[in-house]
$ cat start_12.cif   # mmCIF, C-alpha atoms
data_model
loop_
_atom_site.label_atom_id
_atom_site.label_comp_id
_atom_site.auth_asym_id
_atom_site.auth_seq_id
_atom_site.Cartn_x
_atom_site.Cartn_y
_atom_site.Cartn_z
CA MET Y 1 -7.89 5.61 -23.43
CA GLN Y 2 -5.88 8.38 -24.96
CA ALA Y 3 -2.61 7.92 -23.15
CA GLY Y 4 -0.27 10.14 -25.10
CA ARG Y 5 3.43 9.65 -25.46
CA GLU Y 6 4.05 11.87 -22.44
CA GLY Y 7 2.02 9.59 -20.19
CA ASP Y 8 3.70 6.45 -21.45
CA LEU Y 9 7.15 7.85 -20.83
CA ALA Y 10 6.12 8.83 -17.33
CA LEU Y 11 5.06 5.23 -16.69
CA VAL Y 12 8.55 4.07 -17.45
CA LYS Y 13 10.36 6.72 -15.46
CA ASN Y 14 8.28 7.26 -12.36
CA ARG Y 15 7.97 4.45 -9.89
CA THR Y 16 5.52 4.09 -7.07
CA THR Y 17 7.19 3.06 -3.81
CA VAL Y 18 5.43 1.62 -0.78
CA GLU Y 19 7.03 1.37 2.60
CA ARG Y 20 5.56 0.16 5.84
CA LYS Y 21 7.16 2.71 8.12
CA SER Y 22 5.95 1.18 11.37
CA GLY Y 23 3.15 -1.11 12.48
CA ARG Y 24 0.66 1.70 12.03
CA GLU Y 25 2.10 3.75 9.17
CA LEU Y 26 2.39 3.38 5.47
CA ILE Y 27 4.20 5.68 3.06
CA VAL Y 28 3.50 5.70 -0.68
CA THR Y 29 5.50 7.97 -3.01
CA ARG Y 30 5.36 8.81 -6.70
CA THR Y 31 6.71 11.61 -8.91
CA PHE Y 32 4.60 13.24 -11.60
CA ASP Y 33 5.96 15.24 -14.54
CA ALA Y 34 3.74 18.22 -13.93
CA PRO Y 35 3.47 21.16 -11.58
CA ALA Y 36 1.93 20.55 -8.14
CA ARG Y 37 -1.00 22.76 -9.13
CA LEU Y 38 -2.14 20.21 -11.74
CA VAL Y 39 -1.57 17.13 -9.59
CA PHE Y 40 -3.49 18.83 -6.79
CA GLU Y 41 -6.31 19.65 -9.21
CA ALA Y 42 -6.59 15.96 -10.13
CA TRP Y 43 -6.98 15.09 -6.43
CA THR Y 44 -9.50 17.77 -5.62
CA THR Y 45 -11.86 17.84 -8.61
CA PRO Y 46 -14.52 15.11 -8.25
CA GLU Y 47 -14.86 14.49 -12.02
CA LEU Y 48 -11.09 14.02 -12.31
CA LEU Y 49 -10.83 11.84 -9.18
CA LYS Y 50 -13.48 9.60 -10.68
CA ARG Y 51 -11.24 8.96 -13.67
CA TRP Y 52 -8.27 7.58 -11.76
CA TRP Y 53 -9.25 6.42 -8.27
CA VAL Y 54 -10.48 3.01 -9.39
CA PRO Y 55 -8.11 1.51 -11.98
CA LYS Y 56 -9.57 -1.34 -14.03
CA SER Y 57 -7.33 -3.76 -12.16
CA MET Y 58 -9.29 -3.15 -8.96
CA GLY Y 59 -12.19 -5.06 -10.44
CA MET Y 60 -14.67 -2.47 -9.17
CA THR Y 61 -16.70 0.33 -10.69
CA LEU Y 62 -16.83 3.77 -9.19
CA LEU Y 63 -20.49 4.79 -9.28
CA SER Y 64 -20.25 8.27 -7.80
CA VAL Y 65 -17.84 10.72 -6.24
CA GLU Y 66 -19.08 13.49 -4.01
CA ALA Y 67 -16.33 15.59 -2.53
CA ASP Y 68 -16.62 18.94 -0.84
CA VAL Y 69 -12.90 19.58 -0.98
CA ARG Y 70 -12.26 22.20 1.72
CA THR Y 71 -11.22 22.01 5.35
CA GLY Y 72 -14.11 20.42 7.25
CA GLY Y 73 -15.86 19.26 4.05
CA SER Y 74 -16.88 15.64 3.57
CA TYR Y 75 -16.50 13.14 0.77
CA ARG Y 76 -18.27 9.97 -0.27
CA PHE Y 77 -17.22 7.55 -3.02
CA VAL Y 78 -19.64 4.76 -3.92
CA PHE Y 79 -18.31 1.58 -5.55
CA ALA Y 80 -19.98 -1.38 -7.17
CA HIS Y 81 -18.39 -4.78 -6.90
CA GLY Y 82 -20.45 -7.51 -8.53
CA ASP Y 83 -23.93 -7.12 -7.10
CA SER Y 84 -22.90 -5.28 -3.99
CA THR Y 85 -22.14 -1.62 -3.45
CA MET Y 86 -19.99 -0.03 -0.81
CA ALA Y 87 -19.04 3.44 0.23
CA PHE Y 88 -15.76 5.04 1.12
CA PHE Y 89 -16.34 8.19 3.13
CA GLY Y 90 -14.86 10.66 5.56
CA ARG Y 91 -13.92 14.26 6.09
CA TYR Y 92 -11.21 16.64 4.88
CA VAL Y 93 -9.20 17.80 7.88
CA GLU Y 94 -6.94 20.10 5.89
CA VAL Y 95 -7.00 21.40 2.35
CA THR Y 96 -4.05 23.66 1.54
CA PRO Y 97 -4.00 24.44 -2.18
CA TYR Y 98 -1.18 22.82 -4.18
CA SER Y 99 0.67 21.50 -1.13
CA ARG Y 100 -1.29 19.44 1.37
CA LEU Y 101 -4.44 17.37 1.78
CA VAL Y 102 -5.43 15.54 4.97
CA TRP Y 103 -8.56 13.45 5.33
CA THR Y 104 -10.12 10.87 7.60
CA ASN Y 105 -11.60 7.64 6.37
CA GLU Y 106 -14.61 6.62 8.40
CA GLU Y 107 -16.38 3.65 6.83
CA ALA Y 108 -14.36 1.27 9.02
CA GLY Y 109 -15.41 3.16 12.16
CA ALA Y 110 -12.57 3.69 14.58
CA ASP Y 111 -10.21 1.50 12.49
CA GLY Y 112 -9.98 3.98 9.62
CA PRO Y 113 -6.73 5.75 8.79
CA VAL Y 114 -5.90 9.43 8.60
CA THR Y 115 -4.30 10.12 5.22
CA THR Y 116 -1.95 13.01 4.50
CA VAL Y 117 -0.91 13.73 0.94
CA SER Y 118 1.80 16.29 0.31
CA PHE Y 119 2.77 17.74 -3.07
CA GLU Y 120 6.32 19.03 -3.42
CA GLU Y 121 7.21 20.75 -6.65
CA THR Y 122 10.79 20.89 -7.89
CA GLY Y 123 11.75 21.95 -11.40
CA GLY Y 124 8.26 21.47 -12.78
CA LYS Y 125 7.92 17.95 -11.34
CA THR Y 126 5.89 17.00 -8.33
CA LEU Y 127 6.85 14.51 -5.68
CA LEU Y 128 3.72 13.14 -4.08
CA VAL Y 129 4.05 11.58 -0.64
CA MET Y 130 1.05 9.83 0.83
CA HIS Y 131 1.20 8.97 4.50
CA GLU Y 132 -1.46 6.76 6.05
CA LEU Y 133 -1.67 6.51 9.81
CA TYR Y 134 -3.87 3.74 11.21
CA PRO Y 135 -5.11 3.59 14.80
CA SER Y 136 -3.55 0.14 15.27
CA LYS Y 137 -1.37 -2.48 13.60
CA GLU Y 138 -4.37 -4.77 13.27
CA ALA Y 139 -6.25 -2.12 11.31
CA LEU Y 140 -3.35 -1.65 8.88
CA ASP Y 141 -2.92 -5.42 8.46
CA ALA Y 142 -6.60 -5.72 7.63
CA ALA Y 143 -6.40 -2.84 5.13
CA GLY Y 144 -3.55 -4.60 3.35
CA THR Y 145 -5.61 -7.72 3.09
CA GLY Y 146 -8.32 -5.81 1.31
CA ALA Y 147 -5.77 -4.66 -1.24
CA ALA Y 148 -4.50 -8.24 -1.57
CA ASP Y 149 -8.00 -9.32 -2.54
CA ALA Y 150 -8.04 -6.64 -5.22
CA THR Y 151 -4.68 -7.90 -6.49
CA HIS Y 152 -5.96 -11.42 -6.86
CA GLU Y 153 -8.69 -10.01 -9.04
CA THR Y 154 -6.09 -8.16 -11.08
CA PHE Y 155 -4.24 -11.36 -11.81
CA ALA Y 156 -7.46 -13.15 -12.62
CA GLN Y 157 -8.31 -10.42 -15.13
CA LEU Y 158 -4.83 -10.59 -16.58
CA ASP Y 159 -5.13 -14.35 -16.93
CA GLU Y 160 -8.36 -13.85 -18.77
CA LEU Y 161 -6.75 -11.34 -21.07
CA LEU Y 162 -3.78 -13.56 -21.84
CA SER Y 163 -5.65 -16.81 -22.31
CA MET L 164 -16.56 -2.65 4.80
CA VAL L 165 -15.89 -5.91 6.54
CA GLN L 166 -12.93 -5.82 8.89
CA TYR L 167 -10.60 -8.74 9.10
CA SER L 168 -8.26 -9.46 11.93
CA HIS L 169 -4.98 -11.12 11.11
CA PRO L 170 -3.13 -11.87 14.33
CA ARG L 171 -0.73 -14.19 12.49
CA LEU L 172 0.26 -11.53 10.00
CA ASP L 173 0.78 -9.10 12.85
CA ALA L 174 3.02 -11.69 14.52
CA SER L 175 4.99 -12.02 11.26
CA PHE L 176 5.89 -8.34 11.24
CA ALA L 177 6.87 -8.40 14.91
CA ALA L 178 9.01 -11.49 14.26
CA LEU L 179 10.72 -9.88 11.28
CA ALA L 180 11.53 -6.71 13.20
CA ASP L 181 14.57 -8.34 14.85
CA VAL L 182 17.92 -8.63 13.06
CA THR L 183 18.85 -11.98 14.65
CA ARG L 184 15.54 -13.51 13.71
CA ARG L 185 15.92 -12.30 10.14
CA GLY L 186 19.37 -13.90 10.16
CA VAL L 187 17.92 -17.14 11.46
CA LEU L 188 15.33 -17.11 8.66
CA GLU L 189 18.04 -16.51 6.08
CA GLN L 190 20.06 -19.36 7.54
CA LEU L 191 17.09 -21.72 7.59
CA GLY L 192 16.32 -20.70 4.04
CA ARG L 193 19.58 -22.41 3.06
CA ALA L 194 19.34 -25.49 5.28
CA GLU L 195 17.60 -26.96 8.28
CA ALA L 196 19.40 -26.56 11.59
CA SER L 197 19.01 -27.54 15.22
CA ILE L 198 18.53 -24.90 17.90
CA THR L 199 22.01 -25.75 19.25
CA GLU L 200 23.56 -25.15 15.82
CA LEU L 201 21.71 -21.86 15.45
CA ALA L 202 22.78 -20.72 18.94
CA GLU L 203 26.41 -21.44 18.03
CA ARG L 204 26.24 -19.74 14.69
CA PHE L 205 24.69 -16.58 16.14
CA ASP L 206 26.93 -16.72 19.20
CA MET L 207 24.03 -16.87 21.57
CA THR L 208 22.87 -18.91 24.57
CA LEU L 209 20.57 -21.84 23.96
CA THR L 210 17.84 -20.11 25.98
CA GLY L 211 18.17 -16.93 23.92
CA MET L 212 17.94 -18.82 20.63
CA LYS L 213 14.97 -20.86 21.90
CA LYS L 214 13.17 -17.58 22.56
CA HIS L 215 13.85 -16.27 19.03
CA VAL L 216 12.81 -19.54 17.41
CA GLY L 217 9.69 -19.55 19.58
CA ILE L 218 8.67 -16.11 18.23
CA LEU L 219 9.36 -17.18 14.63
CA GLU L 220 7.41 -20.39 15.19
CA GLN L 221 4.46 -18.51 16.62
CA ALA L 222 4.41 -16.29 13.55
CA GLY L 223 4.41 -19.40 11.36
CA LEU L 224 7.72 -18.37 9.79
CA VAL L 225 9.56 -21.39 11.17
CA LEU L 226 8.51 -24.97 11.78
CA THR L 227 10.24 -27.18 14.33
CA ARG L 228 10.15 -30.87 15.10
CA LYS L 229 11.77 -32.83 17.85
CA VAL L 230 13.66 -36.00 17.04
CA GLY L 231 15.05 -37.60 20.16
CA ARG L 232 16.64 -34.78 22.11
CA VAL L 233 17.30 -32.55 19.14
CA ARG L 234 14.82 -29.89 17.96
CA THR L 235 15.29 -29.23 14.26
CA CYS L 236 14.10 -26.00 12.66
CA ARG L 237 13.12 -25.34 9.08
CA ILE L 238 11.55 -22.42 7.31
CA GLY L 239 7.77 -22.12 7.04
CA ALA L 240 7.81 -20.25 3.74
CA ARG L 241 4.12 -19.59 3.48
CA ARG L 242 4.07 -16.92 6.17
CA LEU L 243 7.06 -15.11 4.74
CA ASP L 244 5.29 -15.02 1.40
CA GLU L 245 2.24 -13.60 3.11
CA ALA L 246 4.18 -10.70 4.61
CA ALA L 247 5.85 -9.93 1.27
CA ALA L 248 2.52 -10.30 -0.51
CA TRP L 249 0.98 -7.78 1.84
CA ILE L 250 3.31 -4.99 0.72
CA GLU L 251 3.19 -6.13 -2.90
CA SER L 252 -0.59 -5.99 -2.95
CA TYR L 253 -0.53 -2.45 -1.65
CA HIS L 254 2.08 -1.55 -4.21
CA GLN L 255 0.02 -3.03 -7.05
CA LEU L 256 -3.02 -1.03 -6.06
CA TRP L 257 -1.25 2.31 -5.74
CA ALA L 258 0.97 1.82 -8.78
CA ALA L 259 -2.13 1.14 -10.89
CA ARG L 260 -3.97 4.07 -9.36
CA PHE L 261 -1.08 6.47 -9.90
CA ASP L 262 -0.60 5.33 -13.49
CA GLU L 263 -4.18 6.39 -14.12
CA LEU L 264 -3.57 9.66 -12.27
CA ASP L 265 -0.53 10.21 -14.48
CA LYS L 266 -2.75 10.09 -17.57
CA VAL L 267 -5.16 12.61 -16.07
CA VAL L 268 -2.32 14.94 -15.06
CA ALA L 269 -0.67 14.63 -18.49
CA GLU L 270 -3.97 15.58 -20.08
CA LEU L 271 -4.36 18.63 -17.83
CA LYS L 272 -0.85 19.65 -18.79
CA ARG L 273 -1.56 19.29 -22.51
CA LYS L 274 -4.79 21.27 -22.22
CA GLU L 275 -2.97 24.05 -20.47
CA LYS L 276 -0.21 24.41 -23.04
CA PRO L 277 -2.10 26.25 -25.84
CA ASP L 278 -2.63 29.33 -23.65
CA ALA L 279 0.44 29.42 -21.48
CA SER L 280 -0.29 33.04 -20.65
CA ARG L 281 -3.10 31.94 -18.31
CA LYS L 282 -0.72 30.39 -15.83
CA ARG L 283 -2.27 31.10 -12.45
CA ARG L 284 -5.85 30.95 -11.41
#
$ encode --input "start_12.cif" --output "structure tokens"
Amino acid sequence: MQAGREGDLALVKNRTTVERKSGRELIVTRTFDAPARLVFEAWTTPELLKRWWVPKSMGMTLLSVEADVRTGGSYRFVFAHGDSTMAFFGRYVEVTPYSRLVWTNEEAGADGPVTTVSFEETGGKTLLVMHELYPSKEALDAAGTGAADATHETFAQLDELLS
Amino acid sequence: MVQYSHPRLDASFAALADVTRRGVLEQLGRAEASITELAERFDMTLTGMKKHVGILEQAGLVLTRKVGRVRTCRIGARRLDEAAAWIESYHQLWAARFDELDKVVAELKRKEKPDASRKRR
């Protein structure tokens, strides 16, 4: 990894916040020290997405990213976890360069969320707001549990590293 | 992906949505109390407090036991941890993901610097 000084400083300054807005909604925010154009590029270029979507701590490998990033286009991410593989797929509902991305997530059938990511640039920095709307509280609870499983793996890996 | 249903977790969030019930949890976090004591402290009828405790109990946030004619309440910490862990797990995932994104964005920015004249595409 070639995380330069710039990246390291950003880690210290910019915090990710998560708020459960209601039973069905989740808001995640984060500021990036770069213009919206570049942050947007990292979300809409498959080769770049592949580099950050699955952090090591998730305990999974991202095998492939296909993304036809335009309104009405579809995407498909394939992950490997141990011996099993799974796909994360859906459709882009809106792609507005440098400001807004909206997509559906369909591998969970009707329980999948609709995700809206907005990029707001101020003074060369970009505030990213991700809003996930689930069809029901149960669906959001279940999604959180999936992330909790990933977290347990993170700690297990950390334990391994520190032992 | 496999879908899990967590009715208890759902009940936890519903239970925590009320200010009195959060107060009751805070109170029980300090010491056990009977329903009568809780009703007095929160200036509420016994029936009203029973209802709140019932919701907290259903969510697994509070445990009660009856000794003689007195029902004593204490905190069921595990469920509270679960609700907090839910948000924390989400936070962990996105914080890690965005830290990686930060590196990618920083690299794009560095690459762009040498020819600042080519600003827009």
$ residues_around --input "start_12.cif" --residues "stretch 85-101 of chain Y" --least-positions-apart "4" --cutoff "8 Å" --atoms "all atoms listed in the file" --output "mmCIF file with C-alpha atoms, keeping the file's coordinate frame"
data_model
loop_
_atom_site.group_PDB
_atom_site.id
_atom_site.type_symbol
_atom_site.label_atom_id
_atom_site.label_comp_id
_atom_site.auth_asym_id
_atom_site.auth_seq_id
_atom_site.Cartn_x
_atom_site.Cartn_y
_atom_site.Cartn_z
ATOM 1 C CA ALA Y 36 1.930 20.550 -8.140
ATOM 2 C CA ARG Y 37 -1.000 22.760 -9.130
ATOM 3 C CA VAL Y 39 -1.570 17.130 -9.590
ATOM 4 C CA PHE Y 40 -3.490 18.830 -6.790
ATOM 5 C CA GLU Y 41 -6.310 19.650 -9.210
ATOM 6 C CA VAL Y 69 -12.900 19.580 -0.980
ATOM 7 C CA ARG Y 70 -12.260 22.200 1.720
ATOM 8 C CA THR Y 71 -11.220 22.010 5.350
ATOM 9 C CA GLY Y 72 -14.110 20.420 7.250
ATOM 10 C CA GLY Y 73 -15.860 19.260 4.050
ATOM 11 C CA SER Y 74 -16.880 15.640 3.570
ATOM 12 C CA TYR Y 75 -16.500 13.140 0.770
ATOM 13 C CA ARG Y 76 -18.270 9.970 -0.270
ATOM 14 C CA PHE Y 77 -17.220 7.550 -3.020
ATOM 15 C CA VAL Y 78 -19.640 4.760 -3.920
ATOM 16 C CA PHE Y 79 -18.310 1.580 -5.550
ATOM 17 C CA ALA Y 80 -19.980 -1.380 -7.170
ATOM 18 C CA HIS Y 81 -18.390 -4.780 -6.900
ATOM 19 C CA ASN Y 105 -11.600 7.640 6.370
ATOM 20 C CA GLU Y 106 -14.610 6.620 8.400
ATOM 21 C CA GLU Y 107 -16.380 3.650 6.830
ATOM 22 C CA THR Y 116 -1.950 13.010 4.500
ATOM 23 C CA VAL Y 117 -0.910 13.730 0.940
ATOM 24 C CA SER Y 118 1.800 16.290 0.310
ATOM 25 C CA PHE Y 119 2.770 17.740 -3.070
ATOM 26 C CA GLU Y 120 6.320 19.030 -3.420
ATOM 27 C CA MET L 164 -16.560 -2.650 4.800
#
$ resolve_selection --input "start_12.cif" --expression "the PyMOL selection byres ((chain Y and resi 28) around 7)" --output "PDB file with C-alpha atoms, keeping the file's coordinate frame"
ATOM      1  CA  THR Y  16       5.520   4.090  -7.070  1.00  0.00           C
ATOM      2  CA  THR Y  17       7.190   3.060  -3.810  1.00  0.00           C
ATOM      3  CA  VAL Y  18       5.430   1.620  -0.780  1.00  0.00           C
ATOM      4  CA  GLU Y  19       7.030   1.370   2.600  1.00  0.00           C
ATOM      5  CA  LEU Y  26       2.390   3.380   5.470  1.00  0.00           C
ATOM      6  CA  ILE Y  27       4.200   5.680   3.060  1.00  0.00           C
ATOM      7  CA  THR Y  29       5.500   7.970  -3.010  1.00  0.00           C
ATOM      8  CA  VAL Y 129       4.050  11.580  -0.640  1.00  0.00           C
ATOM      9  CA  MET Y 130       1.050   9.830   0.830  1.00  0.00           C
ATOM     10  CA  HIS Y 131       1.200   8.970   4.500  1.00  0.00           C
TER      11      HIS Y 131
END
$ resolve_selection --input "start_12.cif" --expression "the PyMOL selection byres ((chain L) within 6 of (chain Y))" --output "VMD selection string"
chain L and resid 167 to 168 249 252 to 254 258 260 263 to 264 266 268 to 269
$ write_last_selection --input "start_12.cif" --atoms "C-alpha atoms" --output "mmCIF file, keeping the file's coordinate frame"
data_model
loop_
_atom_site.group_PDB
_atom_site.id
_atom_site.type_symbol
_atom_site.label_atom_id
_atom_site.label_comp_id
_atom_site.auth_asym_id
_atom_site.auth_seq_id
_atom_site.Cartn_x
_atom_site.Cartn_y
_atom_site.Cartn_z
ATOM 1 C CA TYR L 167 -10.600 -8.740 9.100
ATOM 2 C CA SER L 168 -8.260 -9.460 11.930
ATOM 3 C CA TRP L 249 0.980 -7.780 1.840
ATOM 4 C CA SER L 252 -0.590 -5.990 -2.950
ATOM 5 C CA TYR L 253 -0.530 -2.450 -1.650
ATOM 6 C CA HIS L 254 2.080 -1.550 -4.210
ATOM 7 C CA ALA L 258 0.970 1.820 -8.780
ATOM 8 C CA ARG L 260 -3.970 4.070 -9.360
ATOM 9 C CA GLU L 263 -4.180 6.390 -14.120
ATOM 10 C CA LEU L 264 -3.570 9.660 -12.270
ATOM 11 C CA LYS L 266 -2.750 10.090 -17.570
ATOM 12 C CA VAL L 268 -2.320 14.940 -15.060
ATOM 13 C CA ALA L 269 -0.670 14.630 -18.490
#
$ atom_distance --input "start_12.cif" --atom1 "atom CA of L:Leu256" --atom2 "atom CA of L:Ala178"
25.8 Å
$ resolve_selection --input "start_12.cif" --expression "the PyMOL selection byres ((chain L and resi 181-185) around 9)" --output "PyMOL selection string"
chain L and resi 177-180+186-190+205+215-216+218-219
$ write_last_selection --input "start_12.cif" --atoms "C-alpha atoms" --output "short mmCIF file (atom, residue, chain, number, x, y, z; two decimals), keeping the file's coordinate frame"
data_model
loop_
_atom_site.label_atom_id
_atom_site.label_comp_id
_atom_site.auth_asym_id
_atom_site.auth_seq_id
_atom_site.Cartn_x
_atom_site.Cartn_y
_atom_site.Cartn_z
CA ALA L 177 6.87 -8.40 14.91
CA ALA L 178 9.01 -11.49 14.26
CA LEU L 179 10.72 -9.88 11.28
CA ALA L 180 11.53 -6.71 13.20
CA GLY L 186 19.37 -13.90 10.16
CA VAL L 187 17.92 -17.14 11.46
CA LEU L 188 15.33 -17.11 8.66
CA GLU L 189 18.04 -16.51 6.08
CA GLN L 190 20.06 -19.36 7.54
CA PHE L 205 24.69 -16.58 16.14
CA HIS L 215 13.85 -16.27 19.03
CA VAL L 216 12.81 -19.54 17.41
CA ILE L 218 8.67 -16.11 18.23
CA LEU L 219 9.36 -17.18 14.63
#
$ atom_distance --input "start_12.cif" --atom1 "atom CA of L:Val225" --atom2 "atom CA of L:Arg237"
5.7 Å
$ closest_residue --input "start_12.cif" --among "Y:Ser64, Y:Thr126, Y:Gly59, Y:Asp83" --to "L:Ala259" --atoms "only C-alpha atoms"
Y:Gly59
$ atom_distance --input "start_12.cif" --atom1 "atom CA of L:Ala194" --atom2 "atom CA of L:Ala247"
21.0 Å
$ build_atoms --input "start_12.cif" --residues "stretch 179-203 of chain L" --atoms "N, CA and C atoms" --output "PDB file, in the frame of the given file"
ATOM      1  N   LEU L 179       9.744 -10.328  12.273  1.00  0.00           N
ATOM      2  CA  LEU L 179      10.720  -9.880  11.280  1.00  0.00           C
ATOM      3  C   LEU L 179      11.430  -8.587  11.694  1.00  0.00           C
ATOM      4  N   ALA L 180      10.955  -7.986  12.774  1.00  0.00           N
ATOM      5  CA  ALA L 180      11.530  -6.710  13.200  1.00  0.00           C
ATOM      6  C   ALA L 180      12.906  -6.868  13.858  1.00  0.00           C
ATOM      7  N   ASP L 181      13.310  -8.107  14.141  1.00  0.00           N
ATOM      8  CA  ASP L 181      14.570  -8.340  14.850  1.00  0.00           C
ATOM      9  C   ASP L 181      15.651  -8.865  13.896  1.00  0.00           C
ATOM     10  N   VAL L 182      16.855  -8.289  13.996  1.00  0.00           N
ATOM     11  CA  VAL L 182      17.920  -8.630  13.060  1.00  0.00           C
ATOM     12  C   VAL L 182      18.395 -10.085  13.213  1.00  0.00           C
ATOM     13  N   THR L 183      18.447 -10.581  14.441  1.00  0.00           N
ATOM     14  CA  THR L 183      18.850 -11.980  14.650  1.00  0.00           C
ATOM     15  C   THR L 183      17.826 -12.929  14.032  1.00  0.00           C
ATOM     16  N   ARG L 184      16.575 -12.619  14.255  1.00  0.00           N
ATOM     17  CA  ARG L 184      15.540 -13.510  13.710  1.00  0.00           C
ATOM     18  C   ARG L 184      15.529 -13.482  12.181  1.00  0.00           C
ATOM     19  N   ARG L 185      15.829 -12.321  11.603  1.00  0.00           N
ATOM     20  CA  ARG L 185      15.920 -12.300  10.140  1.00  0.00           C
ATOM     21  C   ARG L 185      17.114 -13.143   9.686  1.00  0.00           C
ATOM     22  N   GLY L 186      18.192 -13.082  10.457  1.00  0.00           N
ATOM     23  CA  GLY L 186      19.370 -13.900  10.160  1.00  0.00           C
ATOM     24  C   GLY L 186      19.057 -15.379  10.245  1.00  0.00           C
ATOM     25  N   VAL L 187      18.309 -15.740  11.280  1.00  0.00           N
ATOM     26  CA  VAL L 187      17.920 -17.140  11.460  1.00  0.00           C
ATOM     27  C   VAL L 187      17.085 -17.605  10.258  1.00  0.00           C
ATOM     28  N   LEU L 188      16.167 -16.751   9.811  1.00  0.00           N
ATOM     29  CA  LEU L 188      15.330 -17.110   8.660  1.00  0.00           C
ATOM     30  C   LEU L 188      16.186 -17.319   7.411  1.00  0.00           C
ATOM     31  N   GLU L 189      17.153 -16.421   7.240  1.00  0.00           N
ATOM     32  CA  GLU L 189      18.040 -16.510   6.080  1.00  0.00           C
ATOM     33  C   GLU L 189      18.809 -17.827   6.124  1.00  0.00           C
ATOM     34  N   GLN L 190      19.312 -18.132   7.311  1.00  0.00           N
ATOM     35  CA  GLN L 190      20.060 -19.360   7.540  1.00  0.00           C
ATOM     36  C   GLN L 190      19.204 -20.594   7.239  1.00  0.00           C
ATOM     37  N   LEU L 191      17.991 -20.584   7.784  1.00  0.00           N
ATOM     38  CA  LEU L 191      17.090 -21.720   7.590  1.00  0.00           C
ATOM     39  C   LEU L 191      16.612 -21.805   6.141  1.00  0.00           C
ATOM     40  N   GLY L 192      16.686 -20.696   5.450  1.00  0.00           N
ATOM     41  CA  GLY L 192      16.320 -20.700   4.040  1.00  0.00           C
ATOM     42  C   GLY L 192      17.313 -21.529   3.230  1.00  0.00           C
ATOM     43  N   ARG L 193      18.546 -21.609   3.746  1.00  0.00           N
ATOM     44  CA  ARG L 193      19.580 -22.410   3.060  1.00  0.00           C
ATOM     45  C   ARG L 193      19.539 -23.869   3.479  1.00  0.00           C
ATOM     46  N   ALA L 194      19.371 -24.104   4.795  1.00  0.00           N
ATOM     47  CA  ALA L 194      19.340 -25.490   5.280  1.00  0.00           C
ATOM     48  C   ALA L 194      18.685 -25.575   6.653  1.00  0.00           C
ATOM     49  N   GLU L 195      18.156 -26.741   6.949  1.00  0.00           N
ATOM     50  CA  GLU L 195      17.600 -26.960   8.280  1.00  0.00           C
ATOM     51  C   GLU L 195      18.728 -26.885   9.306  1.00  0.00           C
ATOM     52  N   ALA L 196      18.380 -26.582  10.537  1.00  0.00           N
ATOM     53  CA  ALA L 196      19.400 -26.560  11.590  1.00  0.00           C
ATOM     54  C   ALA L 196      18.747 -26.811  12.936  1.00  0.00           C
ATOM     55  N   SER L 197      19.543 -27.331  13.874  1.00  0.00           N
ATOM     56  CA  SER L 197      19.010 -27.540  15.220  1.00  0.00           C
ATOM     57  C   SER L 197      19.155 -26.225  15.981  1.00  0.00           C
ATOM     58  N   ILE L 198      18.440 -26.123  17.095  1.00  0.00           N
ATOM     59  CA  ILE L 198      18.530 -24.900  17.900  1.00  0.00           C
ATOM     60  C   ILE L 198      19.953 -24.717  18.410  1.00  0.00           C
ATOM     61  N   THR L 199      20.613 -25.820  18.772  1.00  0.00           N
ATOM     62  CA  THR L 199      22.010 -25.750  19.250  1.00  0.00           C
ATOM     63  C   THR L 199      22.912 -25.167  18.155  1.00  0.00           C
ATOM     64  N   GLU L 200      22.752 -25.656  16.934  1.00  0.00           N
ATOM     65  CA  GLU L 200      23.560 -25.150  15.820  1.00  0.00           C
ATOM     66  C   GLU L 200      23.321 -23.652  15.583  1.00  0.00           C
ATOM     67  N   LEU L 201      22.050 -23.275  15.659  1.00  0.00           N
ATOM     68  CA  LEU L 201      21.710 -21.860  15.450  1.00  0.00           C
ATOM     69  C   LEU L 201      22.321 -20.987  16.551  1.00  0.00           C
ATOM     70  N   ALA L 202      22.239 -21.477  17.804  1.00  0.00           N
ATOM     71  CA  ALA L 202      22.780 -20.720  18.940  1.00  0.00           C
ATOM     72  C   ALA L 202      24.284 -20.509  18.740  1.00  0.00           C
ATOM     73  N   GLU L 203      24.968 -21.549  18.267  1.00  0.00           N
ATOM     74  CA  GLU L 203      26.410 -21.440  18.030  1.00  0.00           C
ATOM     75  C   GLU L 203      26.714 -20.449  16.916  1.00  0.00           C
TER      76      GLU L 203
END
